[in-house]
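Working notes, structure below.
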Amino acid sequence: MDDDAEDDLGEAWTKEAVSDALAVSEQTIGIGTEVNTHVAVTVELLDHPPGDDSDAFDHVVEASIEVPTGRIAVLGCTDYLPDAARFEVPKGFVRVRASRANLANVRQPGEEGYDAPEAIEQVYLRIWPAPYSAPAVIKRWTVAG
């Protein structure tokens, strides 16, 4: 989210957004996860779009947000905003690609081995300056069975 955003994603989490694991407002993006606990997040700032590496991930989505402050805050939905990780980006629109991995192996709190490294959901955020474009699902993960 933009560092000064006051967007509320409550109404952005439509049935489609939940299915896509992506809720978007003007200055904020919400990424759905398989677990309701901690996930491992990696942020990469780029000056150009990343190549297509969707084969390395389970679920990949992209969306644009406006960042008038030139600072992005990255945090979980229950995290404390003043403690959020912050990153400098060019002012204006940026594109965010959220690639998630290890989805078949994640465990919920209380399940045996839920805190083992191999059971933690991985979220990779790549951010680069780009004109606004509509949100997109690049690769959809579905539960087998």
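If you're wondering about the labels, chains in the structure tokens are A, B, ... by order shown, residues count from 1 in each chain, ligands from 1 in order shown.
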
Inset, instruction - Tell me which protein, DNA and RNA residues are within 8 Å of region 124-134 of chain A, counting only C-alpha atoms, leaving out same-chain ones fewer than 4 positions away, and put them as number ranges by chain. - result: A: 41-50, 63-65, 89-90, 92-100

Inset, instruction - Skip Val35 (chain A) itself and residues of its chain fewer than 4 positions away, then list as a ChimeraX atom specification all residues within 8 Å of it, counting only C-alpha atoms. - result: /A:39,106-108,121

Inset, instruction - Would you kindly return, as a PyMOL selection string, each protein, DNA or RNA residue with an atom no farther than 9 Å from any atom of Leu103 (chain A), considering only C-alpha atoms and excluding same-chain residues fewer than 3 positions away? - result: chain A and resi 33-34+58-59+100+106+119-122+141+143

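Residues in contact range of Gly32 (chain A), defined as at most 8 Å between only C-alpha atoms, with sequence neighbours fewer than 6 positions away removed, read Val18, Asp20, Ala21, Leu22 and Ala23 of chain A.
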
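CA of Asp3 (chain A) sits 23.2 Å away from CA of Thr37 (chain A).
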
Inset, instruction - Have a look at CA of Leu81 (chain A) and CA of Glu6 (chain A) and let me know their distance in Å, one decimal. - result: 11.1 Å
